[in-house]
Every structure is written in C-alpha cells, then in structure tokens.
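Structure first, then comments.
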Amino acid sequence: MSEHKVTLWPSGEILEITGDDSLLAQLKKAGKKIKSGCGGCATCSDCVVIVKSGEMNLSPQTFEELRLLGNVFHITKERLSCQTRITGDVTLDISAHEKAAASGSASKSAPGRGQKSTKTIIKKRDDIVRAEIESKEKSQEKPSGDWYRHWENEGDDANKPKRLGGNKRVKPFTFNDNDE
Ligand code: FES
C-alpha cells in the first residue's frame with residue numbers, strides 16, 4: 001500500500017497517510033478536526049482545505065465538487081477534502097478548521113465567552129404604562145427655543161416680499177463702437 005506525506009501549513013506538521021480513503025477521512029483518522037456538515041455528500045462545502053503545493057498529487061475534481069465550488073481552483077486553491085484522494089505528497093492549509101475547533105472548545109469550556117447574551121428584560125405592566133404616558137407627554141410638549149414656529153413671531157416683516165437670492169440683473173449686451 002502506497003504511503004504519502006501530507007504537510008500541514010504553516011505548522012510544518014507531517015502526516016503519513018496510507019489507503020484510498022478520502023482526504024477528509026484520512027485527516028480525521030490522523031486526529032485533525034475538519035468540519036463536515038453534510039458528512040461527505042458534497043453539499044455543504046464545510047470541509048474545504050487549501051492546497052499550498054502538490055495539486056498534481058490530488059485526484060481530479062468530481063462533478064459534485066465542481067458544482068459546489070465552481071471551476072475556480074486556479075484562483076482559490078480550495079478543494080473539498082471529502083471528494084479528494086491523495087496520490088502523492090501535498091501541502092495543505094487546514095488552519096481555518098483548527099481555529100474553528102479551538103474557538104469552539106474555548107467557548108464550551110468557558111460558558112458565556114463567545115456566546116451572545118440571552119438575558120431577557122422583563123418589564124412590569126405598570127412600568128410600560130408609565131413609559132407610554134411619559135412619551136406621550138413629551139411629544140405634546142411645546143419645544144422651547146426661538147426656532148419654534150418662528151414665522152408667527154416675524155410681525156411686520158412677515159408681509160414684506162422676500163428677497164430671493166441672486167439680486168443681480170443680467171447686463172444688457174452692448175456693442176462697443178470702437179470694435180467695428
Ligand atoms: S463534508 Fe460537506 S462538502 Fe465535504
């Protein structure tokens with residue numbers, strides 16, 4: 001049975017892999033936590049790994065993989081580990097999975113960290129009624145200050161025609177006799 005090396009980037013850890021199982025299964029066997037929502041059915045794209053080198057030593061992309069990730073491997077360097085088999089030595093980046101696993105275990109070990117607070121504020125009926133009355137009173141209050149209905153306080157000025165902007169006449173066009 002052939003044996004292949006999988007080098008993990010950036011740690012440089014080397015995994016010895018034997019057998020024809022998918023990359024996902026091989027990595028899981030080696031104790032790596034790789035997310036796989038659909039269990040290897042090529043429908044979730046959780047199990048994506050990034051190929052750093054040795055892409056020629058991976059099995060060609062299946063129809064299911066192409067349908068999910070598109071034909072953009074040359075840009076993203078991403079492969080579905082559940083659909084990929086190794087035929088030689090490769091270097092992979094699975095740091096996203098390791099980070100996710102680490103943050104998941106951290107939030108489990110320390111409850112409340114990394115989780116949203118679900119504290120519910122319970123208000124009594126009286127408080128709600130009081131708040132409603134206060135907000136109504138506020139909205140009916142006459143705002144103070146000079147700006148409130150300032151047009152009612154203008155007095156005589158209110159009847160004056162307003163001078164609109166500009167106030168400049170266009171000069172009539174004249175010929176200069178000297179020009180001719
Ligand atoms: S595990 Fe879901 S696509 Fe690979």
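A note on labels: chains of the structure tokens are A, B, ... as shown, every chain counts residues from 1, and ligands are counted from 1 in their shown order.
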
What lies within 7 Å of region 6-10 of chain A using only C-alpha atoms, ignoring chain neighbours under 2 positions off, as number ranges by chain?
A: 4, 12-16, 89-93

Written file, previous selection with N, CA and C atoms, as a PDB file, in the first residue's frame:
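out-v8.pdb written:
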ATOM      1  N   HIS A   4       1.776   8.288   1.550  1.00  0.00           N
ATOM      2  CA  HIS A   4       2.000   9.664   1.100  1.00  0.00           C
ATOM      3  C   HIS A   4       2.140  10.574   2.306  1.00  0.00           C
ATOM      4  N   GLY A  12       3.953  22.986   9.649  1.00  0.00           N
ATOM      5  CA  GLY A  12       5.004  22.100   9.148  1.00  0.00           C
ATOM      6  C   GLY A  12       4.846  20.665   9.634  1.00  0.00           C
ATOM      7  N   GLU A  13       3.750  20.383  10.320  1.00  0.00           N
ATOM      8  CA  GLU A  13       3.481  19.022  10.805  1.00  0.00           C
ATOM      9  C   GLU A  13       3.296  18.069   9.617  1.00  0.00           C
ATOM     10  N   ILE A  14       3.877  16.880   9.718  1.00  0.00           N
ATOM     11  CA  ILE A  14       3.787  15.930   8.610  1.00  0.00           C
ATOM     12  C   ILE A  14       2.939  14.733   9.030  1.00  0.00           C
ATOM     13  N   LEU A  15       1.952  14.412   8.201  1.00  0.00           N
ATOM     14  CA  LEU A  15       1.081  13.255   8.462  1.00  0.00           C
ATOM     15  C   LEU A  15       1.403  12.193   7.425  1.00  0.00           C
ATOM     16  N   GLU A  16       1.566  10.966   7.879  1.00  0.00           N
ATOM     17  CA  GLU A  16       1.797   9.841   6.966  1.00  0.00           C
ATOM     18  C   GLU A  16       0.435   9.234   6.657  1.00  0.00           C
ATOM     19  N   ASP A  89       2.596  13.376  -2.488  1.00  0.00           N
ATOM     20  CA  ASP A  89       2.811  14.295  -1.360  1.00  0.00           C
ATOM     21  C   ASP A  89       2.167  15.654  -1.634  1.00  0.00           C
ATOM     22  N   VAL A  90       1.539  16.198  -0.627  1.00  0.00           N
ATOM     23  CA  VAL A  90       0.895  17.516  -0.769  1.00  0.00           C
ATOM     24  C   VAL A  90       1.131  18.356   0.489  1.00  0.00           C
ATOM     25  N   THR A  91       0.969  19.653   0.311  1.00  0.00           N
ATOM     26  CA  THR A  91       0.999  20.571   1.459  1.00  0.00           C
ATOM     27  C   THR A  91      -0.366  21.244   1.533  1.00  0.00           C
ATOM     28  N   LEU A  92      -0.980  21.159   2.693  1.00  0.00           N
ATOM     29  CA  LEU A  92      -2.344  21.679   2.858  1.00  0.00           C
ATOM     30  C   LEU A  92      -2.409  22.702   3.972  1.00  0.00           C
ATOM     31  N   ASP A  93      -3.337  23.616   3.818  1.00  0.00           N
ATOM     32  CA  ASP A  93      -3.624  24.596   4.875  1.00  0.00           C
ATOM     33  C   ASP A  93      -4.987  24.251   5.469  1.00  0.00           C
TER      34      ASP A  93
END

Please identify every polymer residue within 7 Å of ligand 1, using only C-alpha atoms and all ligand atoms, and present the set as a PyMOL selection string.
chain A and resi 35-48+80-83

Restricted to all heavy atoms, what would the selected residues look like written as a CSV table (one decimal), in the first residue's frame?
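So part36.csv came out as:
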chain,number,residue,atom,x,y,z
A,35,LYS,N,-14.3,20.2,9.8
A,35,LYS,CA,-15.7,20.4,9.8
A,35,LYS,C,-16.4,19.7,8.6
A,35,LYS,O,-15.8,19.8,7.5
A,35,LYS,CB,-16.1,21.9,9.7
A,35,LYS,CG,-17.2,22.3,10.6
A,35,LYS,CD,-17.4,23.8,10.5
A,35,LYS,CE,-18.8,24.1,10.9
A,35,LYS,NZ,-19.2,25.5,10.5
A,36,SER,N,-17.4,19.0,8.8
A,36,SER,CA,-18.1,18.3,7.6
A,36,SER,C,-19.6,18.2,7.9
A,36,SER,O,-20.0,17.2,8.5
A,36,SER,CB,-17.5,16.9,7.4
A,36,SER,OG,-17.5,16.2,8.6
A,37,GLY,N,-20.3,19.3,7.6
A,37,GLY,CA,-21.7,19.4,7.9
A,37,GLY,C,-22.5,18.3,7.2
A,37,GLY,O,-23.5,17.8,7.8
A,38,CYS,N,-22.2,18.0,6.0
A,38,CYS,CA,-23.0,17.0,5.2
A,38,CYS,C,-22.5,15.6,5.3
A,38,CYS,O,-23.1,14.7,4.7
A,38,CYS,CB,-23.1,17.5,3.8
A,38,CYS,SG,-21.6,17.3,2.9
A,39,GLY,N,-21.5,15.4,6.0
A,39,GLY,CA,-20.9,14.0,6.2
A,39,GLY,C,-20.3,13.5,4.9
A,39,GLY,O,-20.3,12.3,4.7
A,40,GLY,N,-19.8,14.3,4.0
A,40,GLY,CA,-19.1,13.9,2.9
A,40,GLY,C,-19.9,13.7,1.6
A,40,GLY,O,-19.6,13.0,0.7
A,41,CYS,N,-21.1,14.3,1.6
A,41,CYS,CA,-22.0,14.2,0.4
A,41,CYS,C,-21.8,15.3,-0.6
A,41,CYS,O,-22.6,15.5,-1.5
A,41,CYS,CB,-23.5,14.2,0.9
A,41,CYS,SG,-23.8,12.8,2.0
A,42,ALA,N,-20.8,16.2,-0.4
A,42,ALA,CA,-20.5,17.3,-1.3
A,42,ALA,C,-21.7,18.3,-1.4
A,42,ALA,O,-22.1,18.7,-2.5
A,42,ALA,CB,-20.1,16.8,-2.6
A,43,THR,N,-22.3,18.6,-0.3
A,43,THR,CA,-23.4,19.6,-0.3
A,43,THR,C,-23.2,20.8,0.6
A,43,THR,O,-24.0,21.7,0.5
A,43,THR,CB,-24.8,18.9,0.0
A,43,THR,OG1,-24.6,18.2,1.2
A,43,THR,CG2,-25.2,18.0,-1.1
A,44,CYS,N,-22.2,20.7,1.5
A,44,CYS,CA,-22.1,21.8,2.5
A,44,CYS,C,-20.9,22.7,2.2
A,44,CYS,O,-20.9,23.9,2.7
A,44,CYS,CB,-22.1,21.2,3.9
A,44,CYS,SG,-20.5,20.4,4.3
A,45,SER,N,-19.8,22.2,1.7
A,45,SER,CA,-18.6,22.9,1.4
A,45,SER,C,-17.9,23.3,2.8
A,45,SER,O,-17.0,24.2,2.8
A,45,SER,CB,-18.7,24.1,0.5
A,45,SER,OG,-19.3,25.2,1.2
A,46,ASP,N,-18.2,22.6,3.8
A,46,ASP,CA,-17.6,22.9,5.1
A,46,ASP,C,-16.1,22.3,5.1
A,46,ASP,O,-15.3,22.9,5.9
A,46,ASP,CB,-18.3,22.2,6.3
A,46,ASP,CG,-19.6,23.0,6.7
A,46,ASP,OD1,-19.7,24.2,6.2
A,46,ASP,OD2,-20.4,22.5,7.4
A,47,CYS,N,-15.9,21.3,4.4
A,47,CYS,CA,-14.7,20.5,4.5
A,47,CYS,C,-13.6,21.1,3.6
A,47,CYS,O,-12.6,20.4,3.4
A,47,CYS,CB,-14.9,19.1,4.2
A,47,CYS,SG,-15.4,18.8,2.5
A,48,VAL,N,-13.7,22.3,3.2
A,48,VAL,CA,-12.7,22.9,2.2
A,48,VAL,C,-11.3,22.9,2.9
A,48,VAL,O,-11.2,23.3,4.0
A,48,VAL,CB,-13.2,24.3,1.8
A,48,VAL,CG1,-12.1,25.1,1.3
A,48,VAL,CG2,-14.3,24.2,0.7
A,80,LEU,N,-12.5,20.3,-1.9
A,80,LEU,CA,-13.4,19.6,-0.9
A,80,LEU,C,-12.6,18.4,-0.4
A,80,LEU,O,-12.4,17.5,-1.2
A,80,LEU,CB,-14.7,19.2,-1.5
A,80,LEU,CG,-15.7,20.3,-1.9
A,80,LEU,CD1,-17.0,19.7,-2.4
A,80,LEU,CD2,-16.0,21.2,-0.7
A,81,SER,N,-12.3,18.3,0.8
A,81,SER,CA,-11.5,17.2,1.3
A,81,SER,C,-12.3,15.9,1.2
A,81,SER,O,-11.7,14.8,1.1
A,81,SER,CB,-11.0,17.4,2.7
A,81,SER,OG,-12.0,17.6,3.6
A,82,CYS,N,-13.6,16.0,1.3
A,82,CYS,CA,-14.4,14.8,1.3
A,82,CYS,C,-14.5,14.2,-0.1
A,82,CYS,O,-14.9,13.0,-0.3
A,82,CYS,CB,-15.8,15.0,1.8
A,82,CYS,SG,-16.8,16.1,0.7
A,83,GLN,N,-14.1,14.9,-1.2
A,83,GLN,CA,-14.2,14.4,-2.5
A,83,GLN,C,-12.8,14.2,-3.1
A,83,GLN,O,-12.7,13.9,-4.3
A,83,GLN,CB,-14.9,15.5,-3.4
A,83,GLN,CG,-16.3,15.8,-3.0
A,83,GLN,CD,-17.2,14.5,-3.1
A,83,GLN,OE1,-17.3,13.9,-4.1
A,83,GLN,NE2,-17.9,14.2,-1.9

Could you pull out the residues in region 59-91 of chain A that DSSP calls alpha helix (DSSP H) from the backbone, as a ChimeraX atom specification?
/A:63-69,73-76

Name the residues of region 24-122 of chain A that come out as strand (DSSP E or B) in a backbone DSSP run; write them as a list in words.
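Taking region 24-122 of chain A and keeping strand (DSSP E or B) gives Val48, Val49, Ile50, Val51, Lys52, Ser53, Leu58, Glu78, Arg79, Leu80, Ile86, Val90, Thr91, Leu92 and Asp93 of chain A.
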
Write out, as an mmCIF file, in the first residue's frame, the residues just selected, with N, CA and C atoms.
data_model
loop_
_atom_site.group_PDB
_atom_site.id
_atom_site.type_symbol
_atom_site.label_atom_id
_atom_site.label_comp_id
_atom_site.auth_asym_id
_atom_site.auth_seq_id
_atom_site.Cartn_x
_atom_site.Cartn_y
_atom_site.Cartn_z
ATOM 1 N N VAL A 48 -13.698 22.292 3.169
ATOM 2 C CA VAL A 48 -12.727 22.870 2.237
ATOM 3 C C VAL A 48 -11.342 22.946 2.875
ATOM 4 N N VAL A 49 -10.335 22.535 2.113
ATOM 5 C CA VAL A 49 -8.942 22.726 2.528
ATOM 6 C C VAL A 49 -8.233 23.497 1.407
ATOM 7 N N ILE A 50 -7.190 24.206 1.771
ATOM 8 C CA ILE A 50 -6.450 24.989 0.777
ATOM 9 C C ILE A 50 -5.158 24.244 0.434
ATOM 10 N N VAL A 51 -4.947 24.072 -0.843
ATOM 11 C CA VAL A 51 -3.760 23.342 -1.310
ATOM 12 C C VAL A 51 -2.627 24.328 -1.518
ATOM 13 N N LYS A 52 -1.561 24.156 -0.774
ATOM 14 C CA LYS A 52 -0.403 25.055 -0.894
ATOM 15 C C LYS A 52 0.553 24.575 -1.983
ATOM 16 N N SER A 53 0.739 23.267 -2.043
ATOM 17 C CA SER A 53 1.571 22.715 -3.123
ATOM 18 C C SER A 53 1.210 21.253 -3.328
ATOM 19 N N LEU A 58 -3.309 15.231 -6.343
ATOM 20 C CA LEU A 58 -4.676 15.066 -5.848
ATOM 21 C C LEU A 58 -5.549 14.537 -6.982
ATOM 22 N N GLU A 78 -8.776 25.903 -3.469
ATOM 23 C CA GLU A 78 -9.602 25.182 -2.496
ATOM 24 C C GLU A 78 -10.077 23.859 -3.077
ATOM 25 N N ARG A 79 -10.080 22.829 -2.239
ATOM 26 C CA ARG A 79 -10.627 21.536 -2.631
ATOM 27 C C ARG A 79 -11.528 21.040 -1.516
ATOM 28 N N LEU A 80 -12.531 20.272 -1.906
ATOM 29 C CA LEU A 80 -13.376 19.624 -0.905
ATOM 30 C C LEU A 80 -12.637 18.373 -0.445
ATOM 31 N N ILE A 86 -5.626 11.354 -2.304
ATOM 32 C CA ILE A 86 -4.229 11.733 -2.478
ATOM 33 C C ILE A 86 -3.493 10.661 -3.267
ATOM 34 N N VAL A 90 1.539 16.198 -0.627
ATOM 35 C CA VAL A 90 0.895 17.516 -0.769
ATOM 36 C C VAL A 90 1.131 18.356 0.489
ATOM 37 N N THR A 91 0.969 19.653 0.311
ATOM 38 C CA THR A 91 0.999 20.571 1.459
ATOM 39 C C THR A 91 -0.366 21.244 1.533
ATOM 40 N N LEU A 92 -0.980 21.159 2.693
ATOM 41 C CA LEU A 92 -2.344 21.679 2.858
ATOM 42 C C LEU A 92 -2.409 22.702 3.972
ATOM 43 N N ASP A 93 -3.337 23.616 3.818
ATOM 44 C CA ASP A 93 -3.624 24.596 4.875
ATOM 45 C C ASP A 93 -4.987 24.251 5.469
#
